[in-house]
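Colleague: Starting off with a structure, shown below.
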Amino acid sequence: MRTSDYSIRPAAPADLDGARAVMLDTVYRDFGTGYVPRWHGDVIDLAGAYLAPARHTLLVAVDAEGEVVATGALDSRGPAHPPNPAHVAERYPSGVTAQLRRVYVRPEHRRRGLARRLVEELLAFAAADGRYRAVYLHTDPAVTGAEPFWRSLAKVVHDEREDAGGGQGIVHFDVPLG
């Protein structure tokens, strides 16, 4: 399939089970952590986390058969300290920071531009809001392809692997808003 063979749109209530499946499959398969409530609580309540709040959104990429094959979300919560470094949390305060979350693509649909299209749509949503001053995300560089993808779109603001003891090993990014 080509990128044009997919539809990217805001998630509807009928899409939530499919979106949740993509997300949970990713945290089990790619992250190897499985579901961790303090990290993945939004995945269980997608409607409350992304559909109900006006300044949040959840996008889905749907294939020709109508199956959700990729997700991307945005919310208005900056990174918390702890576990994130204090200077990162201070740079990206809640309310004026759009945080990209859950940009996940099923393995058999990767390398088709879906993640990039999802990010473009999320950035357009943030820009249209008019109140976000920054866009932030973090990624686990152990996930195959994640770090090079984000480096192609964003600027590293902190790489925890360079900290004494390695921190959580997470890489924090600033994404251009405009």
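Ordered as shown in the structure tokens, chains take letters A, B, and onward, while each chain numbers its residues from 1 and ligands are numbered from 1 in the order shown.
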Skip A:Pro83 itself and residues of its chain fewer than 4 positions away, then list as an MDAnalysis selection string all residues within 10 Å of it, counting only C-alpha atoms.
Modeller: chainID A and resid 79 89 167:168
Colleague: Please provide as a list of chain:residue names all residues within 12 Å of A:Ala154, with the sequence filter that same-chain residues fewer than 2 positions apart are discarded (counting only C-alpha atoms).
Modeller: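 Contacts, in chain order: A:Leu100, A:Arg116, A:Val119, A:Leu123, A:Ala134, A:Val135, A:Tyr136, A:Leu137, A:His138, A:Thr139, A:Ala146, A:Glu147, A:Pro148, A:Phe149, A:Trp150, A:Arg151, A:Ser152, A:Val156, A:Val157, A:His158, A:Val171, A:His172, A:Phe173, A:Asp174, A:Val175, A:Pro176, A:Leu177, A:Gly178.
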Colleague: Would you list, as a count of residues only, the residues of stretch 68-106 of chain A that end up in alpha helix (DSSP H) under DSSP run on this structure's backbone?
Modeller: 6
Colleague: Using only C-alpha atoms, pick whichever of A:Ile170, A:Val103, A:Leu114, A:Val68 has the shortest atom-to-atom distance to A:Ala142.
Modeller: A:Ile170
Colleague: Find the spatial neighbours of A:Gly48, counting only C-alpha atoms, within a cut-off of 12 Å - ignore same-chain residues fewer than 6 positions away - and output them as a ChimeraX atom specification.
Modeller: /A:13,16,41-42,54,56-58,75
Colleague: Counting only C-alpha atoms, figure out which residue out of A:Asp5, A:Glu108, A:Asp17, A:Asp30 gets nearest to A:Val143.
Modeller: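 Once distances to A:Val143 are computed over only C-alpha atoms, the minimum belongs to A:Asp30.
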Colleague: DSSP says strand (DSSP E or B) for which residues of chain A? Put them as a VMD selection string?
Modeller: chain A and resid 7 to 10 57 to 62 68 to 75 97 to 105 134 to 139 155 to 159 171 to 175
Colleague: So which residues touch A:Tyr35 within 12 Å, counting only C-alpha atoms, skipping near sequence neighbours fewer than 4 positions away, as a tab-separated table (two decimals) with all heavy atoms, in the first residue's frame?
Modeller:
chain	number	residue	atom	x	y	z
A	20	ARG	N	-6.44	1.47	20.71
A	20	ARG	CA	-5.90	0.87	21.94
A	20	ARG	C	-5.10	-0.39	21.61
A	20	ARG	O	-4.03	-0.63	22.18
A	20	ARG	CB	-7.03	0.55	22.91
A	20	ARG	CG	-6.57	0.10	24.27
A	20	ARG	CD	-7.74	-0.09	25.25
A	20	ARG	NE	-8.47	1.16	25.46
A	20	ARG	CZ	-9.67	1.45	24.93
A	20	ARG	NH1	-10.30	0.57	24.18
A	20	ARG	NH2	-10.24	2.61	25.17
A	21	ALA	N	-5.59	-1.19	20.67
A	21	ALA	CA	-4.88	-2.41	20.28
A	21	ALA	C	-3.51	-2.09	19.68
A	21	ALA	O	-2.51	-2.73	20.00
A	21	ALA	CB	-5.72	-3.23	19.30
A	23	MET	N	-1.72	0.56	20.30
A	23	MET	CA	-0.88	1.07	21.38
A	23	MET	C	-0.39	-0.05	22.30
A	23	MET	O	0.79	-0.12	22.64
A	23	MET	CB	-1.65	2.12	22.18
A	23	MET	CG	-1.93	3.37	21.40
A	23	MET	SD	-2.98	4.48	22.37
A	23	MET	CE	-3.38	5.71	21.14
A	24	LEU	N	-1.30	-0.91	22.72
A	24	LEU	CA	-0.90	-2.00	23.63
A	24	LEU	C	0.04	-2.98	22.94
A	24	LEU	O	1.01	-3.44	23.55
A	24	LEU	CB	-2.13	-2.71	24.19
A	24	LEU	CG	-2.94	-1.89	25.20
A	24	LEU	CD1	-4.22	-2.62	25.58
A	24	LEU	CD2	-2.12	-1.55	26.44
A	25	ASP	N	-0.22	-3.29	21.69
A	25	ASP	CA	0.70	-4.16	20.95
A	25	ASP	C	2.10	-3.54	20.91
A	25	ASP	O	3.10	-4.24	21.05
A	25	ASP	CB	0.21	-4.40	19.52
A	25	ASP	CG	-0.98	-5.33	19.44
A	25	ASP	OD1	-1.34	-5.95	20.48
A	25	ASP	OD2	-1.58	-5.43	18.35
A	26	THR	N	2.16	-2.22	20.75
A	26	THR	CA	3.45	-1.53	20.68
A	26	THR	C	4.18	-1.60	22.01
A	26	THR	O	5.38	-1.88	22.05
A	26	THR	CB	3.26	-0.07	20.23
A	26	THR	OG1	2.64	-0.08	18.93
A	26	THR	CG2	4.59	0.66	20.16
A	27	VAL	N	3.49	-1.33	23.12
A	27	VAL	CA	4.19	-1.33	24.41
A	27	VAL	C	4.64	-2.73	24.80
A	27	VAL	O	5.66	-2.89	25.47
A	27	VAL	CB	3.40	-0.65	25.55
A	27	VAL	CG1	3.13	0.81	25.21
A	27	VAL	CG2	2.14	-1.37	25.91
A	28	TYR	N	3.92	-3.74	24.38
A	28	TYR	CA	4.35	-5.11	24.67
A	28	TYR	C	5.46	-5.55	23.72
A	28	TYR	O	6.49	-6.07	24.15
A	28	TYR	CB	3.17	-6.08	24.61
A	28	TYR	CG	2.36	-6.08	25.88
A	28	TYR	CD1	1.26	-5.22	26.02
A	28	TYR	CD2	2.69	-6.90	26.94
A	28	TYR	CE1	0.52	-5.20	27.19
A	28	TYR	CE2	1.96	-6.88	28.12
A	28	TYR	CZ	0.87	-6.03	28.24
A	28	TYR	OH	0.15	-6.01	29.41
A	29	ARG	N	5.28	-5.36	22.41
A	29	ARG	CA	6.21	-5.88	21.41
A	29	ARG	C	7.46	-5.02	21.28
A	29	ARG	O	8.58	-5.51	21.35
A	29	ARG	CB	5.50	-5.99	20.06
A	29	ARG	CG	6.37	-6.49	18.93
A	29	ARG	CD	5.73	-6.29	17.56
A	29	ARG	NE	5.39	-4.90	17.35
A	29	ARG	CZ	4.15	-4.43	17.21
A	29	ARG	NH1	3.12	-5.23	17.23
A	29	ARG	NH2	3.93	-3.13	17.05
A	30	ASP	N	7.29	-3.70	21.08
A	30	ASP	CA	8.43	-2.83	20.78
A	30	ASP	C	9.13	-2.33	22.03
A	30	ASP	O	10.35	-2.20	22.04
A	30	ASP	CB	7.99	-1.63	19.93
A	30	ASP	CG	7.50	-2.04	18.55
A	30	ASP	OD1	7.82	-3.15	18.11
A	30	ASP	OD2	6.79	-1.24	17.92
A	31	PHE	N	8.36	-1.99	23.06
A	31	PHE	CA	8.97	-1.47	24.27
A	31	PHE	C	9.42	-2.57	25.21
A	31	PHE	O	10.32	-2.38	26.01
A	31	PHE	CB	8.02	-0.55	25.03
A	31	PHE	CG	7.62	0.70	24.29
A	31	PHE	CD1	6.66	1.52	24.83
A	31	PHE	CD2	8.18	1.05	23.08
A	31	PHE	CE1	6.27	2.68	24.17
A	31	PHE	CE2	7.80	2.20	22.42
A	31	PHE	CZ	6.84	3.02	22.96
A	39	TRP	N	2.63	4.88	33.30
A	39	TRP	CA	3.13	5.36	32.01
A	39	TRP	C	2.06	5.33	30.92
A	39	TRP	O	2.09	6.13	30.00
A	39	TRP	CB	4.29	4.51	31.51
A	39	TRP	CG	5.51	4.50	32.37
A	39	TRP	CD1	5.90	5.44	33.30
A	39	TRP	CD2	6.50	3.48	32.40
A	39	TRP	NE1	7.07	5.07	33.88
A	39	TRP	CE2	7.47	3.86	33.35
A	39	TRP	CE3	6.68	2.29	31.71
A	39	TRP	CZ2	8.60	3.10	33.62
A	39	TRP	CZ3	7.80	1.52	31.97
A	39	TRP	CH2	8.74	1.93	32.93
A	40	HIS	N	1.15	4.37	31.01
A	40	HIS	CA	0.23	4.11	29.90
A	40	HIS	C	-1.25	4.25	30.28
A	40	HIS	O	-2.11	3.74	29.57
A	40	HIS	CB	0.47	2.69	29.35
A	40	HIS	CG	1.89	2.40	29.02
A	40	HIS	ND1	2.59	1.38	29.62
A	40	HIS	CD2	2.76	3.01	28.18
A	40	HIS	CE1	3.83	1.36	29.15
A	40	HIS	NE2	3.96	2.34	28.28
A	41	GLY	N	-1.55	4.93	31.37
A	41	GLY	CA	-2.93	5.07	31.81
A	41	GLY	C	-3.84	5.68	30.76
A	41	GLY	O	-5.02	5.33	30.66
A	42	ASP	N	-3.31	6.59	29.95
A	42	ASP	CA	-4.11	7.22	28.90
A	42	ASP	C	-4.59	6.20	27.87
A	42	ASP	O	-5.65	6.38	27.26
A	42	ASP	CB	-3.30	8.32	28.20
A	42	ASP	CG	-2.04	7.80	27.54
A	42	ASP	OD1	-1.23	7.13	28.23
A	42	ASP	OD2	-1.83	8.08	26.35
A	43	VAL	N	-3.86	5.12	27.68
A	43	VAL	CA	-4.23	4.11	26.69
A	43	VAL	C	-5.54	3.43	27.07
A	43	VAL	O	-6.35	3.10	26.19
A	43	VAL	CB	-3.09	3.07	26.52
A	43	VAL	CG1	-3.51	1.93	25.63
A	43	VAL	CG2	-1.83	3.75	26.01
A	44	ILE	N	-5.78	3.26	28.35
A	44	ILE	CA	-7.02	2.62	28.80
A	44	ILE	C	-8.20	3.57	28.65
A	44	ILE	O	-9.28	3.16	28.24
A	44	ILE	CB	-6.87	2.13	30.26
A	44	ILE	CG1	-5.74	1.12	30.35
A	44	ILE	CG2	-8.18	1.56	30.78
A	44	ILE	CD1	-5.83	-0.06	29.39
Colleague: Neighbours of A:Gly78 within 7 Å (only C-alpha atoms; same-chain residues fewer than 6 positions away dropped), as a list in words?
Modeller: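 Within the cut-off, the hits are Ala89, Tyr92, Pro93, Ser94, Thr97 and Gln99 of chain A.
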Colleague: At a cut-off of 10 Å, using only C-alpha atoms, what residues contact A:Val69? Leave out same-chain residues fewer than 5 positions from it and give the result as a ChimeraX atom specification.
Modeller: /A:6,18-19,21-23,60-63,104-110,114
Colleague: Include N, CA, C and O atoms and write out the residues we just selected as an mmCIF file, in the first residue's frame.
Modeller:
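Result file is out.cif:
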data_model
loop_
_atom_site.group_PDB
_atom_site.id
_atom_site.type_symbol
_atom_site.label_atom_id
_atom_site.label_comp_id
_atom_site.auth_asym_id
_atom_site.auth_seq_id
_atom_site.Cartn_x
_atom_site.Cartn_y
_atom_site.Cartn_z
ATOM 1 N N TYR A 6 -4.163 5.188 2.715
ATOM 2 C CA TYR A 6 -4.603 5.266 4.107
ATOM 3 C C TYR A 6 -5.353 6.561 4.330
ATOM 4 O O TYR A 6 -5.043 7.582 3.716
ATOM 5 N N GLY A 18 -9.578 -0.190 18.273
ATOM 6 C CA GLY A 18 -8.485 -0.418 17.326
ATOM 7 C C GLY A 18 -7.245 0.381 17.683
ATOM 8 O O GLY A 18 -6.125 -0.124 17.602
ATOM 9 N N ALA A 19 -7.441 1.630 18.108
ATOM 10 C CA ALA A 19 -6.309 2.468 18.512
ATOM 11 C C ALA A 19 -5.633 1.880 19.748
ATOM 12 O O ALA A 19 -4.402 1.803 19.819
ATOM 13 N N ALA A 21 -5.587 -1.190 20.671
ATOM 14 C CA ALA A 21 -4.878 -2.414 20.282
ATOM 15 C C ALA A 21 -3.510 -2.086 19.681
ATOM 16 O O ALA A 21 -2.511 -2.735 20.002
ATOM 17 N N VAL A 22 -3.450 -1.065 18.817
ATOM 18 C CA VAL A 22 -2.160 -0.650 18.244
ATOM 19 C C VAL A 22 -1.212 -0.235 19.364
ATOM 20 O O VAL A 22 -0.042 -0.628 19.395
ATOM 21 N N MET A 23 -1.720 0.556 20.300
ATOM 22 C CA MET A 23 -0.879 1.066 21.385
ATOM 23 C C MET A 23 -0.394 -0.048 22.304
ATOM 24 O O MET A 23 0.791 -0.116 22.642
ATOM 25 N N VAL A 60 -5.979 8.707 13.994
ATOM 26 C CA VAL A 60 -5.772 7.327 13.577
ATOM 27 C C VAL A 60 -5.503 7.295 12.079
ATOM 28 O O VAL A 60 -5.999 8.140 11.332
ATOM 29 N N ALA A 61 -4.698 6.329 11.677
ATOM 30 C CA ALA A 61 -4.521 6.012 10.263
ATOM 31 C C ALA A 61 -5.264 4.704 10.041
ATOM 32 O O ALA A 61 -5.073 3.734 10.784
ATOM 33 N N VAL A 62 -6.130 4.711 9.040
ATOM 34 C CA VAL A 62 -6.998 3.575 8.764
ATOM 35 C C VAL A 62 -6.678 3.065 7.366
ATOM 36 O O VAL A 62 -6.546 3.855 6.424
ATOM 37 N N ASP A 63 -6.562 1.741 7.232
ATOM 38 C CA ASP A 63 -6.267 1.164 5.920
ATOM 39 C C ASP A 63 -7.555 1.019 5.100
ATOM 40 O O ASP A 63 -8.653 1.379 5.565
ATOM 41 N N TYR A 104 2.476 5.622 16.944
ATOM 42 C CA TYR A 104 2.793 4.202 16.762
ATOM 43 C C TYR A 104 2.204 3.703 15.442
ATOM 44 O O TYR A 104 1.069 4.032 15.106
ATOM 45 N N VAL A 105 2.975 2.881 14.745
ATOM 46 C CA VAL A 105 2.534 2.289 13.481
ATOM 47 C C VAL A 105 2.762 0.786 13.561
ATOM 48 O O VAL A 105 3.848 0.342 13.945
ATOM 49 N N ARG A 106 1.743 0.021 13.204
ATOM 50 C CA ARG A 106 1.907 -1.440 13.172
ATOM 51 C C ARG A 106 3.079 -1.792 12.244
ATOM 52 O O ARG A 106 3.240 -1.177 11.184
ATOM 53 N N PRO A 107 3.901 -2.786 12.619
ATOM 54 C CA PRO A 107 5.111 -3.106 11.844
ATOM 55 C C PRO A 107 4.866 -3.332 10.355
ATOM 56 O O PRO A 107 5.651 -2.873 9.516
ATOM 57 N N GLU A 108 3.803 -3.998 10.006
ATOM 58 C CA GLU A 108 3.539 -4.299 8.592
ATOM 59 C C GLU A 108 3.106 -3.072 7.786
ATOM 60 O O GLU A 108 2.994 -3.141 6.557
ATOM 61 N N HIS A 109 2.904 -1.943 8.451
ATOM 62 C CA HIS A 109 2.500 -0.704 7.765
ATOM 63 C C HIS A 109 3.571 0.388 7.877
ATOM 64 O O HIS A 109 3.334 1.525 7.467
ATOM 65 N N ARG A 110 4.725 0.043 8.406
ATOM 66 C CA ARG A 110 5.804 1.019 8.564
ATOM 67 C C ARG A 110 6.505 1.272 7.231
ATOM 68 O O ARG A 110 6.377 0.518 6.284
ATOM 69 N N LEU A 114 3.433 7.031 7.225
ATOM 70 C CA LEU A 114 2.284 7.253 8.105
ATOM 71 C C LEU A 114 2.641 8.070 9.346
ATOM 72 O O LEU A 114 1.910 8.992 9.721
#
Colleague: Write out as an MDAnalysis selection string the residues lying within 7 Å of A:Leu59, counting only C-alpha atoms and excluding same-chain residues fewer than 6 positions away.
Modeller: chainID A and resid 8:11 71:73
Colleague: Could you save the residues just selected, with all heavy atoms, as an mmCIF file, in the first residue's frame?
Modeller:
data_model
loop_
_atom_site.group_PDB
_atom_site.id
_atom_site.type_symbol
_atom_site.label_atom_id
_atom_site.label_comp_id
_atom_site.auth_asym_id
_atom_site.auth_seq_id
_atom_site.Cartn_x
_atom_site.Cartn_y
_atom_site.Cartn_z
ATOM 1 N N ILE A 8 -6.140 9.341 7.235
ATOM 2 C CA ILE A 8 -5.756 9.835 8.559
ATOM 3 C C ILE A 8 -6.809 10.830 8.988
ATOM 4 O O ILE A 8 -7.139 11.758 8.249
ATOM 5 C CB ILE A 8 -4.353 10.471 8.540
ATOM 6 C CG1 ILE A 8 -3.324 9.376 8.261
ATOM 7 C CG2 ILE A 8 -4.063 11.182 9.850
ATOM 8 C CD1 ILE A 8 -1.900 9.839 8.228
ATOM 9 N N ARG A 9 -7.345 10.596 10.196
ATOM 10 C CA ARG A 9 -8.444 11.428 10.674
ATOM 11 C C ARG A 9 -8.493 11.414 12.191
ATOM 12 O O ARG A 9 -7.902 10.535 12.827
ATOM 13 C CB ARG A 9 -9.763 10.934 10.108
ATOM 14 C CG ARG A 9 -10.057 9.484 10.432
ATOM 15 C CD ARG A 9 -11.386 9.046 9.823
ATOM 16 N NE ARG A 9 -11.584 7.627 9.808
ATOM 17 C CZ ARG A 9 -11.823 6.857 10.865
ATOM 18 N NH1 ARG A 9 -11.877 7.392 12.057
ATOM 19 N NH2 ARG A 9 -12.019 5.557 10.741
ATOM 20 N N PRO A 10 -9.223 12.380 12.776
ATOM 21 C CA PRO A 10 -9.433 12.323 14.225
ATOM 22 C C PRO A 10 -10.180 11.037 14.584
ATOM 23 O O PRO A 10 -11.087 10.607 13.861
ATOM 24 C CB PRO A 10 -10.289 13.554 14.518
ATOM 25 C CG PRO A 10 -10.001 14.491 13.374
ATOM 26 C CD PRO A 10 -9.786 13.586 12.179
ATOM 27 N N ALA A 11 -9.782 10.438 15.670
ATOM 28 C CA ALA A 11 -10.428 9.198 16.115
ATOM 29 C C ALA A 11 -11.866 9.480 16.535
ATOM 30 O O ALA A 11 -12.165 10.498 17.158
ATOM 31 C CB ALA A 11 -9.659 8.593 17.281
ATOM 32 N N THR A 71 -1.441 5.308 15.116
ATOM 33 C CA THR A 71 -2.035 6.308 15.999
ATOM 34 C C THR A 71 -1.061 7.460 16.223
ATOM 35 O O THR A 71 0.154 7.307 16.051
ATOM 36 C CB THR A 71 -2.373 5.710 17.380
ATOM 37 O OG1 THR A 71 -1.155 5.242 17.998
ATOM 38 C CG2 THR A 71 -3.361 4.559 17.278
ATOM 39 N N GLY A 72 -1.587 8.571 16.646
ATOM 40 C CA GLY A 72 -0.802 9.712 17.071
ATOM 41 C C GLY A 72 -1.678 10.579 17.944
ATOM 42 O O GLY A 72 -2.849 10.798 17.623
ATOM 43 N N ALA A 73 -1.146 11.038 19.065
ATOM 44 C CA ALA A 73 -1.940 11.830 20.000
ATOM 45 C C ALA A 73 -1.180 13.080 20.410
ATOM 46 O O ALA A 73 0.044 13.172 20.260
ATOM 47 C CB ALA A 73 -2.294 10.999 21.229
#
Colleague: Counting only C-alpha atoms, which of A:Gly169, A:Asn84, A:Glu160, A:Ser76 gets nearest to A:Arg131?
Modeller: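 Residue with the minimum atom-to-atom distance to A:Arg131: A:Ser76.
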Colleague: How many Å lie between atom CA of A:Arg101 and atom CA of A:Ser4, rounded to one decimal?
Modeller: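 Calculated distance between atom CA of A:Arg101 and atom CA of A:Ser4 is 23.2 Å.
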Colleague: What is the distance, in Å and to one decimal place, between atom CA of A:Glu65 and atom CA of A:Arg2?
Modeller: 14.0 Å
Colleague: Between atom CA of A:Ala126 and atom CA of A:Lys155, what is the spacing in Å?
Modeller: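 Computing it gives 17.6 Å between the two atoms.
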